[in-house]
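Novice: My structure file coords.txt, compact mmCIF, C-alpha atoms, is below:
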```
# COMPACT_ATOMS: atom_id res chain seq x y z
CA MET K 41 11.06 -9.73 16.11
CA LYS K 42 7.76 -9.32 17.91
CA ILE K 43 4.91 -11.61 16.87
CA ALA K 44 1.24 -11.21 17.78
CA ILE K 45 -0.27 -14.57 18.71
CA ILE K 46 -4.08 -14.49 18.55
CA PRO K 47 -6.03 -17.73 19.09
CA ASN K 48 -9.75 -18.27 18.72
CA SER K 49 -11.26 -17.53 22.13
CA ILE K 50 -13.81 -20.36 22.10
CA LYS K 51 -11.65 -23.23 20.81
CA TYR K 52 -9.60 -24.66 23.68
CA GLU K 53 -7.21 -26.35 21.25
CA ALA K 54 -6.35 -22.95 19.72
CA ALA K 55 -4.72 -21.86 23.01
CA ASP K 56 -2.81 -25.16 23.11
CA HIS K 57 -1.49 -24.50 19.60
CA ALA K 58 -0.61 -20.94 20.63
CA ASN K 59 1.56 -22.27 23.45
CA GLU K 60 3.13 -24.76 21.06
CA ILE K 61 3.98 -21.95 18.63
CA ILE K 62 5.44 -19.77 21.38
CA GLY K 63 7.55 -22.66 22.62
CA PHE K 64 8.85 -23.40 19.12
CA LEU K 65 9.58 -19.76 18.20
CA SER K 66 11.21 -18.88 21.53
CA SER K 67 14.43 -20.44 20.27
CA PHE K 68 14.52 -17.74 17.56
CA ASP K 69 14.76 -14.92 20.12
CA CYS K 70 11.18 -13.69 19.58
CA GLU K 71 8.89 -11.63 21.71
CA PHE K 72 5.14 -12.15 21.67
CA SER K 73 2.13 -9.86 22.04
CA VAL K 74 -1.03 -11.63 23.19
CA PRO K 75 -4.53 -10.28 23.99
CA GLU K 76 -5.10 -10.02 27.74
CA GLU K 77 -8.08 -12.38 27.68
CA PHE K 78 -5.61 -15.26 27.14
CA SER K 79 -3.40 -14.39 30.11
CA GLN K 80 -4.51 -17.56 31.94
CA THR K 81 -4.14 -19.93 28.99
CA VAL K 82 -1.28 -18.59 26.84
CA ALA K 83 2.03 -17.90 28.56
CA GLY K 84 5.78 -17.72 28.09
CA ASP K 85 8.89 -15.86 29.25
CA SER K 86 8.71 -13.33 26.39
CA VAL K 87 4.93 -12.79 26.33
CA GLU K 88 3.43 -9.34 26.84
CA TYR K 89 -0.32 -8.90 27.19
CA PHE K 90 -2.40 -6.16 25.58
CA PRO K 91 -6.00 -5.03 26.21
CA ASN K 92 -7.43 -6.42 22.96
CA ASN K 93 -6.60 -7.99 19.60
CA PHE K 94 -6.09 -4.65 17.85
CA GLU K 95 -3.49 -3.48 20.37
CA ALA K 96 -1.73 -6.84 20.25
CA VAL K 97 -1.48 -6.50 16.47
CA ARG K 98 -0.34 -2.89 16.72
CA ASN K 99 2.54 -3.92 18.99
CA SER K 100 3.93 -6.54 16.64
CA ASP K 101 5.88 -7.02 13.41
CA LEU K 102 3.64 -9.79 12.12
CA VAL K 103 0.54 -11.67 13.22
CA ILE K 104 -0.23 -15.35 13.68
CA ALA K 105 -3.98 -16.02 13.99
CA ILE K 106 -5.05 -19.49 15.14
CA GLY K 107 -8.58 -20.62 14.43
CA GLY K 108 -11.07 -20.96 11.61
CA ASP K 109 -11.68 -18.58 8.73
CA GLY K 110 -13.69 -16.22 10.93
CA THR K 111 -10.83 -15.71 13.40
CA ILE K 112 -8.26 -15.27 10.66
CA ILE K 113 -10.39 -12.87 8.61
CA HIS K 114 -11.29 -10.75 11.66
CA ASN K 115 -7.65 -10.31 12.63
CA ALA K 116 -6.51 -9.90 9.02
CA LYS K 117 -8.56 -6.72 8.89
CA HIS K 118 -6.79 -5.39 11.98
CA ALA K 119 -3.48 -6.33 10.35
CA ALA K 120 -4.46 -4.60 7.09
CA VAL K 121 -5.34 -1.34 8.84
CA LEU K 122 -2.01 -1.42 10.72
CA GLY K 123 0.09 -2.58 7.76
CA LYS K 124 1.14 -5.93 9.27
CA PRO K 125 1.39 -9.28 7.46
CA ILE K 126 -0.61 -12.19 8.86
CA LEU K 127 -0.29 -15.96 8.90
CA GLY K 128 -3.32 -18.17 9.48
CA VAL K 129 -3.07 -21.50 11.31
CA ASN K 130 -6.13 -23.64 10.78
CA CYS K 131 -8.04 -24.71 13.86
CA GLY K 132 -11.50 -24.75 12.31
CA ARG K 133 -13.71 -26.80 10.04
CA VAL K 134 -12.51 -25.49 6.67
CA GLY K 135 -9.72 -22.94 6.85
CA PHE K 136 -9.65 -21.62 3.27
CA VAL K 137 -7.55 -18.61 4.29
CA ALA K 138 -5.21 -20.54 6.61
CA ASN K 139 -1.77 -21.38 5.24
CA LEU K 140 -0.71 -23.90 7.88
CA GLU K 141 -2.28 -26.89 9.57
CA PRO K 142 -1.29 -27.60 13.21
CA SER K 143 0.87 -30.49 11.97
CA GLU K 144 2.98 -28.07 9.90
CA LEU K 145 4.18 -25.68 12.61
CA SER K 146 7.86 -26.53 11.97
CA LEU K 147 7.53 -24.46 8.76
CA LEU K 148 7.40 -21.34 10.96
CA ALA K 149 11.20 -21.40 10.90
CA LYS K 150 10.98 -20.04 7.34
CA ILE K 151 9.91 -16.67 8.75
CA PHE K 152 13.44 -16.06 10.01
CA ASP K 153 15.37 -16.90 6.86
CA LYS K 154 12.88 -14.92 4.72
CA SER K 155 12.02 -17.99 2.63
CA TYR K 156 8.34 -17.14 2.32
CA SER K 157 6.11 -15.08 0.07
CA VAL K 158 3.34 -12.59 0.83
CA ASP K 159 -0.03 -12.94 -0.87
CA ASP K 160 -1.88 -9.61 -0.97
CA ARG K 161 -5.66 -10.06 -0.99
CA MET K 162 -8.09 -7.45 -2.26
CA MET K 163 -10.53 -5.99 0.26
CA LEU K 164 -13.78 -4.06 -0.15
CA GLU K 165 -14.62 -0.64 1.22
CA VAL K 166 -18.28 -0.71 2.21
CA THR K 167 -20.23 2.51 2.83
CA VAL K 168 -23.54 1.84 4.62
CA ASN K 169 -26.12 4.65 4.66
CA TYR K 170 -28.83 3.95 7.22
CA ASN K 171 -31.34 5.99 9.26
CA GLY K 172 -29.53 9.23 8.54
CA GLY K 173 -26.11 7.84 9.48
CA THR K 174 -23.13 6.62 7.48
CA GLN K 175 -20.67 3.88 8.39
CA VAL K 176 -17.56 2.91 6.42
CA LEU K 177 -16.36 -0.68 6.93
CA TYR K 178 -13.89 -3.06 5.31
CA ALA K 179 -14.64 -6.57 4.06
CA LEU K 180 -12.16 -9.30 3.24
CA ASN K 181 -14.85 -11.83 2.33
CA ASP K 182 -18.16 -10.20 1.52
CA VAL K 183 -21.02 -7.86 2.27
CA THR K 184 -24.55 -9.28 2.31
CA VAL K 185 -27.73 -7.26 1.78
CA SER K 186 -30.67 -9.42 2.79
CA LYS K 187 -34.09 -9.74 4.38
CA GLY K 188 -34.78 -9.73 8.09
CA SER K 189 -36.51 -12.36 10.20
CA VAL K 190 -39.64 -12.53 8.04
CA SER K 191 -39.37 -15.26 5.41
CA ARG K 192 -40.16 -13.12 2.35
CA MET K 193 -38.19 -12.04 -0.66
CA VAL K 194 -36.82 -8.53 -0.96
CA GLU K 195 -36.59 -6.31 -4.02
CA LEU K 196 -33.23 -4.64 -4.53
CA ASP K 197 -31.93 -2.28 -7.22
CA VAL K 198 -28.29 -2.26 -8.30
CA SER K 199 -26.35 0.52 -10.01
CA LEU K 200 -22.85 0.44 -11.46
CA ASN K 201 -20.81 3.64 -11.30
CA GLY K 202 -24.01 5.60 -10.72
CA GLU K 203 -26.03 4.02 -13.55
CA PHE K 204 -28.92 1.64 -12.88
CA ILE K 205 -28.29 -1.88 -14.23
CA ASN K 206 -30.78 -4.32 -12.71
CA SER K 207 -33.44 -5.14 -10.12
CA TYR K 208 -33.40 -8.37 -8.14
CA ARG K 209 -36.24 -10.16 -6.37
CA ALA K 210 -34.45 -12.58 -4.08
CA ASP K 211 -33.53 -13.41 -0.50
CA GLY K 212 -30.67 -10.95 -0.89
CA LEU K 213 -27.42 -10.08 -2.67
CA ILE K 214 -23.79 -10.87 -1.85
CA ALA K 215 -20.96 -8.60 -3.01
CA SER K 216 -17.69 -10.44 -2.47
CA THR K 217 -13.98 -10.34 -3.10
CA PRO K 218 -12.19 -13.20 -4.87
CA THR K 219 -11.23 -14.44 -1.39
CA GLY K 220 -14.90 -14.43 -0.44
CA SER K 221 -15.94 -16.36 -3.55
CA THR K 222 -15.39 -19.61 -1.59
CA ALA K 223 -17.58 -18.43 1.32
CA TYR K 224 -21.28 -17.51 1.28
CA ALA K 225 -21.20 -16.73 -2.46
CA LEU K 226 -20.15 -20.31 -3.23
CA SER K 227 -23.08 -21.64 -1.17
CA ALA K 228 -25.39 -19.34 -3.17
CA GLY K 229 -24.19 -20.85 -6.45
CA GLY K 230 -21.49 -18.35 -7.35
CA PRO K 231 -18.24 -19.19 -9.15
CA VAL K 232 -14.86 -19.88 -7.55
CA ILE K 233 -12.41 -17.06 -8.28
CA GLU K 234 -8.68 -17.33 -7.80
CA PRO K 235 -7.84 -15.11 -4.81
CA HIS K 236 -5.06 -13.21 -6.63
CA MET K 237 -7.57 -11.71 -9.07
CA LYS K 238 -8.92 -8.19 -8.58
CA CYS K 239 -12.67 -7.95 -9.13
CA ILE K 240 -16.03 -7.64 -7.38
CA LEU K 241 -18.47 -10.55 -7.54
CA LEU K 242 -22.23 -9.95 -7.17
CA THR K 243 -24.31 -13.06 -6.42
CA PRO K 244 -28.07 -13.19 -5.79
CA ILE K 245 -29.35 -15.40 -2.97
CA CYS K 246 -32.22 -17.66 -4.11
CA PRO K 247 -33.37 -15.30 -6.88
CA HIS K 248 -36.95 -15.52 -8.16
CA SER K 249 -35.79 -15.86 -11.76
CA LEU K 250 -34.38 -18.51 -14.04
CA PHE K 251 -31.81 -16.07 -15.39
CA SER K 252 -30.41 -14.29 -12.34
CA ARG K 253 -26.77 -15.34 -12.19
CA SER K 254 -23.59 -14.04 -10.60
CA VAL K 255 -22.05 -10.99 -12.25
CA LEU K 256 -18.36 -10.08 -12.20
CA PHE K 257 -17.30 -6.41 -12.15
CA SER K 258 -13.84 -4.92 -12.66
CA ASP K 259 -11.94 -3.75 -9.60
CA ASP K 260 -12.43 -0.05 -10.45
CA SER K 261 -16.22 -0.42 -10.26
CA VAL K 262 -18.51 1.16 -7.68
CA VAL K 263 -21.51 -1.11 -7.02
CA SER K 264 -24.46 0.42 -5.17
CA ILE K 265 -27.42 -1.53 -3.77
CA PHE K 266 -30.73 0.11 -2.81
CA PRO K 267 -34.09 -1.17 -1.57
CA ASN K 268 -36.55 -0.95 -4.46
CA GLU K 269 -39.44 1.46 -3.95
CA LYS K 270 -41.75 -1.61 -3.85
CA CYS K 271 -39.69 -3.24 -1.12
CA GLY K 272 -41.65 -3.26 2.12
CA GLU K 273 -39.42 -5.63 4.07
CA GLU K 274 -36.67 -4.98 6.59
CA ILE K 275 -33.25 -4.88 4.92
CA PHE K 276 -30.07 -5.81 6.79
CA VAL K 277 -26.46 -5.31 5.74
CA THR K 278 -23.84 -7.67 7.14
CA VAL K 279 -20.09 -7.30 6.57
CA ASP K 280 -17.93 -10.43 6.85
CA GLY K 281 -20.63 -12.07 8.94
CA ILE K 282 -19.94 -9.75 11.90
CA ASN K 283 -21.04 -6.12 11.56
CA SER K 284 -24.77 -5.82 10.88
CA TYR K 285 -26.92 -2.75 10.19
CA ARG K 286 -30.60 -2.30 9.50
CA ILE K 287 -31.25 0.13 6.67
CA GLY K 288 -34.56 1.80 5.89
CA LYS K 289 -36.25 2.37 2.55
CA ASN K 290 -33.94 5.29 1.82
CA GLY K 291 -30.78 3.45 2.83
CA SER K 292 -28.07 2.17 0.52
CA VAL K 293 -24.85 0.18 0.39
CA GLU K 294 -21.90 1.24 -1.76
CA VAL K 295 -19.14 -1.24 -2.48
CA ARG K 296 -15.73 -0.54 -4.05
CA LYS K 297 -12.20 -1.88 -3.92
CA ALA K 298 -10.45 -0.72 -0.77
CA LEU K 299 -7.03 0.90 -0.82
CA LEU K 300 -6.04 -1.54 1.94
CA THR K 301 -4.97 -5.10 1.23
CA ALA K 302 -4.72 -8.08 3.57
CA ASP K 303 -1.17 -9.44 3.31
CA PHE K 304 -1.06 -13.17 4.01
CA ILE K 305 2.25 -14.91 4.69
CA LYS K 306 2.71 -18.12 2.65
CA LEU K 307 5.19 -20.64 4.04
CA ASN K 308 4.36 -23.35 1.53
CA ASN K 309 3.46 -23.48 -2.15
CA LYS K 310 0.11 -25.21 -1.95
CA ASN K 311 -1.92 -24.78 -5.13
CA PHE K 312 -5.17 -22.88 -4.52
CA TYR K 313 -7.31 -25.35 -6.47
CA ARG K 314 -5.73 -28.32 -4.70
CA ILE K 315 -6.51 -26.67 -1.36
CA LEU K 316 -10.07 -25.98 -2.51
CA ASN K 317 -10.58 -29.58 -3.58
CA ASP K 318 -9.07 -30.97 -0.37
CA LYS K 319 -11.10 -28.69 1.89
CA LEU K 320 -14.39 -29.40 0.15
CA ASN K 321 -13.71 -33.11 0.19
CA GLU K 322 -13.00 -32.90 3.94
CA ARG K 323 -16.40 -31.29 4.51
CA ARG K 324 -18.10 -33.84 2.27
CA ASN K 325 -16.58 -36.69 4.28
```
Could you spell out this file's structure in C-alpha cells?
Specialist:
Amino acid sequence: MKIAIIPNSIKYEAADHANEIIGFLSSFDCEFSVPEEFSQTVAGDSVEYFPNNFEAVRNSDLVIAIGGDGTIIHNAKHAAVLGKPILGVNCGRVGFVANLEPSELSLLAKIFDKSYSVDDRMMLEVTVNYNGGTQVLYALNDVTVSKGSVSRMVELDVSLNGEFINSYRADGLIASTPTGSTAYALSAGGPVIEPHMKCILLTPICPHSLFSRSVLFSDDSVVSIFPNEKCGEEIFVTVDGINSYRIGKNGSVEVRKALLTADFIKLNNKNFYRILNDKLNERRN
C-alpha cells in the first residue's frame, strides 16, 4: 500500500507527526509519497518525493493530511478529484474534519485490517462568471460572496433553479455544505447540520433585516447569486477561503451539488455532536 503523507507546511509539529506516522506504518510494509517541499523534514526508507501535493496524492492509495481544517480540506479536494480516501490528523486549533488527534496514531493499524468506515461528504460545484470569464471550482466547506475592502453593505439577488426568490442587503452571503455549516456559516449565525446530510445552506452575513435567516435548500437545487442592479460595491467570491475572484456588476455565482464527494476515513466512532461540543469547548477555554 502506498500512502500520501501531507503535513501543514507552516506548522513544524506537523512534520514531526508525519515522521512519527511513517515510523509507525513502516512495520506494515508501506510506501509513502510526500511533497518535495518536505524533503528536508520528512524522511524514511520507503519515502518517494513528488513535485507537489496533487502529484503525491495521485501516486497513492490513500491520503493522510496532518494539520488544521484548512490543510485537510485543501487536500481532501485533491483526493476527491483523484478518487482517493483521506484521513485527517488534527494539528490545528479546531480540527472539525480531522478524525484523529496526535495521541491516537496507534489507531492507524486499523487501515490494514479494514476495520474502518468511509464517510462520504457532499461537495459543491461553484461556477463563477466574472469579467467575461468563467471558472468552475469545488468547495468542501463553502463559497462566500461578499464586499471588498470598503466597509459598506452589498445588495445581492438570489435565484433558485432560475427563479428569483429574494434580495439581501448584507455584508455578504455564504453558501455551504453540511460540512461547512460548522465553519464561517456557524460564525454568521447559521445552524449546525449533520455532515452526512445532503443539502445546501444559504446564510447571510450581518444582514440589514430582522428577518433574514439561513435558508436550507435540497441537494438537487441550483442556487445563483447576482449583484443587484443597485449594488455599486466591489463583489468578491471566495471558495473554501482560498480561491478568490472579483466579479463585476454583470457577474454571477452558481452553486450546485458536485458529482464528486470527499471520502473521509473514520478509524473511530466518535459522535459528531460530541466532537462539536468538545471542539467548541476547547476554543472557549
Novice: Which residues of range 80-195 of chain K sit at most 10 Å from range 235-250 of chain K, using all atoms listed in the file? Give each one's shortest atom pair and distance in Å (one decimal place), in chain and ascending residue order, as CSV.
Specialist:
```
residue,atom,partner,partner_atom,distance
K:Val137,CA,K:Pro235,CA,9.8
K:Asp159,CA,K:His236,CA,7.7
K:Asp160,CA,K:His236,CA,7.4
K:Arg161,CA,K:His236,CA,6.5
K:Met162,CA,K:Lys238,CA,6.4
K:Met163,CA,K:Lys238,CA,9.3
K:Leu164,CA,K:Ile240,CA,8.4
K:Asp182,CA,K:Leu241,CA,9.1
K:Val183,CA,K:Leu242,CA,9.7
K:Thr184,CA,K:Ile245,CA,9.4
K:Val185,CA,K:Ile245,CA,9.6
K:Ser186,CA,K:Ile245,CA,8.4
K:Met193,CA,K:His248,CA,8.4
K:Val194,CA,K:Pro247,CA,9.6
K:Glu195,CA,K:Pro247,CA,10.0
```
Novice: List as JSON, numbers by chain the protein and nucleic acid residues near Tyr156 in chain K, meaning an atom at most 7 Å away when only C-alpha atoms are counted, but skip any in the same chain fewer than 6 places from it.
Specialist: {"K": [150, 305, 306, 307]}
Novice: When you look at range 43-51 of chain K with a cut-off of 7 Å (counting all atoms listed in the file), what residues show up, excluding the ones that are within fewer than 5 positions of it in the same chain? I need them as a list in words.
Specialist: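 Final neighbour list, sorted by chain and number: Ala58, Glu71, Phe72, Ser73, Val74, Pro75, Ala96, Val97, Ser100, Asp101, Leu102, Val103, Ile104, Ala105, Ile106, Gly107 and Thr111 of chain K.
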Novice: Report, in Å to a single decimal, how far apart CA of Ala138 in chain K and CA of Lys310 in chain K are.
Specialist: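 Calculated distance between CA of Lys310 in chain K and CA of Ala138 in chain K is 11.1 Å.
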Novice: Go through range 108-210 of chain K and flag each residue having an atom no more than 12 Å from range 272-284 of chain K; for those, report the closest pair of atoms plus their distance in Å to one decimal, using all atoms listed in the file, ordered by chain and rising number, as CSV.
Specialist:
```
residue,atom,partner,partner_atom,distance
K:Asp109,CA,K:Asp280,CA,10.4
K:Gly110,CA,K:Asp280,CA,8.3
K:Thr111,CA,K:Ile282,CA,11.0
K:Ile112,CA,K:Asp280,CA,11.5
K:Ile113,CA,K:Asp280,CA,8.1
K:His114,CA,K:Asp280,CA,8.2
K:Asn115,CA,K:Asp280,CA,11.8
K:Ala116,CA,K:Asp280,CA,11.6
K:Lys117,CA,K:Asp280,CA,10.3
K:Met163,CA,K:Asp280,CA,10.9
K:Leu164,CA,K:Val279,CA,9.8
K:Glu165,CA,K:Val279,CA,10.1
K:Val166,CA,K:Val279,CA,8.1
K:Thr167,CA,K:Val277,CA,10.4
K:Val168,CA,K:Val277,CA,7.8
K:Asn169,CA,K:Val277,CA,10.0
K:Tyr170,CA,K:Val277,CA,9.7
K:Asn171,CA,K:Ile275,CA,11.9
K:Gln175,CA,K:Asn283,CA,10.5
K:Val176,CA,K:Val279,CA,10.5
K:Leu177,CA,K:Val279,CA,7.6
K:Tyr178,CA,K:Val279,CA,7.6
K:Ala179,CA,K:Asp280,CA,5.8
K:Leu180,CA,K:Asp280,CA,6.9
K:Asn181,CA,K:Asp280,CA,5.6
K:Asp182,CA,K:Asp280,CA,5.3
K:Val183,CA,K:Val279,CA,4.4
K:Thr184,CA,K:Thr278,CA,5.1
K:Val185,CA,K:Val277,CA,4.6
K:Ser186,CA,K:Phe276,CA,5.4
K:Lys187,CA,K:Ile275,CA,5.0
K:Gly188,CA,K:Glu274,CA,5.3
K:Ser189,CA,K:Glu274,CA,8.2
K:Val190,CA,K:Glu273,CA,8.0
K:Ser191,CA,K:Glu273,CA,9.7
K:Arg192,CA,K:Glu273,CA,7.7
K:Met193,CA,K:Glu273,CA,8.1
K:Val194,CA,K:Glu273,CA,6.4
K:Glu195,CA,K:Gly272,CA,8.5
K:Leu196,CA,K:Ile275,CA,9.5
K:Arg209,CA,K:Glu273,CA,11.8
K:Ala210,CA,K:Glu273,CA,11.8
```
Novice: Determine the nearest neighbour of Asp303 in chain K from the options K:Thr174, K:Ser157, K:Ser264, K:Gln80, counting only C-alpha atoms.
Specialist: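 Result for the nearest residue to Asp303 in chain K: K:Ser157.
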Novice: Please, what distance in Å, to one decimal, runs between CA of Ile205 in chain K and CA of Lys270 in chain K?
Specialist: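 Straight-line distance from CA of Ile205 in chain K to CA of Lys270 in chain K works out to 17.0 Å.
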Novice: Taking all atoms of range 117-124 of chain K that the file lists and extending 6 Å past them on each side, where is the centre of the axis-aligned box and how long are its edges? Answer in Å to one decimal, as lines of an AutoDock Vina configuration file.
Specialist:
```
center_x = -3.7
center_y = -4.0
center_z = 9.5
size_x = 21.7
size_y = 17.4
size_z = 16.9
```
Novice: Here is a test: counting only C-alpha atoms, which residue of K:His57, K:Lys42, K:Arg296, K:Arg286 is nearest to Glu88 in chain K?
Specialist: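 Answer, going by the shortest atom-to-atom distance: K:Lys42.
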Novice: Could range 197-220 of chain K be completed with N, CA and C atoms and returned as a PDB file, in the frame of the given file?
Specialist:
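That gives us result_21.pdb:
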```pdb
ATOM      1  N   ASP K 197     -32.453  -2.862  -5.985  1.00  0.00           N
ATOM      2  CA  ASP K 197     -31.930  -2.280  -7.220  1.00  0.00           C
ATOM      3  C   ASP K 197     -30.415  -2.168  -7.123  1.00  0.00           C
ATOM      4  N   VAL K 198     -29.748  -2.336  -8.253  1.00  0.00           N
ATOM      5  CA  VAL K 198     -28.290  -2.260  -8.300  1.00  0.00           C
ATOM      6  C   VAL K 198     -27.871  -1.269  -9.369  1.00  0.00           C
ATOM      7  N   SER K 199     -26.930  -0.390  -9.022  1.00  0.00           N
ATOM      8  CA  SER K 199     -26.350   0.520 -10.010  1.00  0.00           C
ATOM      9  C   SER K 199     -24.847   0.298 -10.069  1.00  0.00           C
ATOM     10  N   LEU K 200     -24.286   0.557 -11.234  1.00  0.00           N
ATOM     11  CA  LEU K 200     -22.850   0.440 -11.460  1.00  0.00           C
ATOM     12  C   LEU K 200     -22.307   1.790 -11.865  1.00  0.00           C
ATOM     13  N   ASN K 201     -21.395   2.322 -11.051  1.00  0.00           N
ATOM     14  CA  ASN K 201     -20.810   3.640 -11.300  1.00  0.00           C
ATOM     15  C   ASN K 201     -21.885   4.706 -11.505  1.00  0.00           C
ATOM     16  N   GLY K 202     -22.957   4.601 -10.698  1.00  0.00           N
ATOM     17  CA  GLY K 202     -24.010   5.600 -10.720  1.00  0.00           C
ATOM     18  C   GLY K 202     -25.109   5.366 -11.721  1.00  0.00           C
ATOM     19  N   GLU K 203     -25.017   4.295 -12.528  1.00  0.00           N
ATOM     20  CA  GLU K 203     -26.030   4.020 -13.550  1.00  0.00           C
ATOM     21  C   GLU K 203     -26.778   2.735 -13.226  1.00  0.00           C
ATOM     22  N   PHE K 204     -28.104   2.811 -13.204  1.00  0.00           N
ATOM     23  CA  PHE K 204     -28.920   1.640 -12.880  1.00  0.00           C
ATOM     24  C   PHE K 204     -28.654   0.511 -13.874  1.00  0.00           C
ATOM     25  N   ILE K 205     -28.515  -0.738 -13.337  1.00  0.00           N
ATOM     26  CA  ILE K 205     -28.290  -1.880 -14.230  1.00  0.00           C
ATOM     27  C   ILE K 205     -29.303  -2.991 -14.073  1.00  0.00           C
ATOM     28  N   ASN K 206     -29.869  -3.187 -12.869  1.00  0.00           N
ATOM     29  CA  ASN K 206     -30.780  -4.320 -12.710  1.00  0.00           C
ATOM     30  C   ASN K 206     -31.540  -4.245 -11.388  1.00  0.00           C
ATOM     31  N   SER K 207     -32.693  -4.921 -11.356  1.00  0.00           N
ATOM     32  CA  SER K 207     -33.440  -5.140 -10.120  1.00  0.00           C
ATOM     33  C   SER K 207     -33.468  -6.626  -9.827  1.00  0.00           C
ATOM     34  N   TYR K 208     -33.389  -6.980  -8.554  1.00  0.00           N
ATOM     35  CA  TYR K 208     -33.400  -8.370  -8.140  1.00  0.00           C
ATOM     36  C   TYR K 208     -34.533  -8.599  -7.159  1.00  0.00           C
ATOM     37  N   ARG K 209     -35.271  -9.683  -7.367  1.00  0.00           N
ATOM     38  CA  ARG K 209     -36.240 -10.160  -6.370  1.00  0.00           C
ATOM     39  C   ARG K 209     -35.669 -11.466  -5.851  1.00  0.00           C
ATOM     40  N   ALA K 210     -35.210 -11.448  -4.609  1.00  0.00           N
ATOM     41  CA  ALA K 210     -34.450 -12.580  -4.080  1.00  0.00           C
ATOM     42  C   ALA K 210     -34.432 -12.509  -2.564  1.00  0.00           C
ATOM     43  N   ASP K 211     -33.740 -13.477  -1.943  1.00  0.00           N
ATOM     44  CA  ASP K 211     -33.530 -13.410  -0.500  1.00  0.00           C
ATOM     45  C   ASP K 211     -32.473 -12.379  -0.142  1.00  0.00           C
ATOM     46  N   GLY K 212     -31.687 -11.954  -1.129  1.00  0.00           N
ATOM     47  CA  GLY K 212     -30.670 -10.950  -0.890  1.00  0.00           C
ATOM     48  C   GLY K 212     -29.602 -10.973  -1.961  1.00  0.00           C
ATOM     49  N   LEU K 213     -28.555 -10.163  -1.752  1.00  0.00           N
ATOM     50  CA  LEU K 213     -27.420 -10.080  -2.670  1.00  0.00           C
ATOM     51  C   LEU K 213     -26.124 -10.152  -1.873  1.00  0.00           C
ATOM     52  N   ILE K 214     -25.123 -10.783  -2.463  1.00  0.00           N
ATOM     53  CA  ILE K 214     -23.790 -10.870  -1.850  1.00  0.00           C
ATOM     54  C   ILE K 214     -22.793 -10.196  -2.777  1.00  0.00           C
ATOM     55  N   ALA K 215     -22.086  -9.192  -2.283  1.00  0.00           N
ATOM     56  CA  ALA K 215     -20.960  -8.600  -3.010  1.00  0.00           C
ATOM     57  C   ALA K 215     -19.692  -9.105  -2.343  1.00  0.00           C
ATOM     58  N   SER K 216     -18.846  -9.789  -3.089  1.00  0.00           N
ATOM     59  CA  SER K 216     -17.690 -10.440  -2.470  1.00  0.00           C
ATOM     60  C   SER K 216     -16.404 -10.177  -3.225  1.00  0.00           C
ATOM     61  N   THR K 217     -15.315 -10.355  -2.511  1.00  0.00           N
ATOM     62  CA  THR K 217     -13.980 -10.340  -3.100  1.00  0.00           C
ATOM     63  C   THR K 217     -13.688 -11.714  -3.689  1.00  0.00           C
ATOM     64  N   PRO K 218     -12.597 -11.846  -4.449  1.00  0.00           N
ATOM     65  CA  PRO K 218     -12.190 -13.200  -4.870  1.00  0.00           C
ATOM     66  C   PRO K 218     -11.956 -14.133  -3.683  1.00  0.00           C
ATOM     67  N   THR K 219     -11.394 -13.618  -2.595  1.00  0.00           N
ATOM     68  CA  THR K 219     -11.230 -14.440  -1.390  1.00  0.00           C
ATOM     69  C   THR K 219     -12.577 -14.938  -0.897  1.00  0.00           C
ATOM     70  N   GLY K 220     -13.578 -14.077  -0.918  1.00  0.00           N
ATOM     71  CA  GLY K 220     -14.900 -14.430  -0.440  1.00  0.00           C
ATOM     72  C   GLY K 220     -15.709 -15.281  -1.398  1.00  0.00           C
TER      73      GLY K 220
END
```
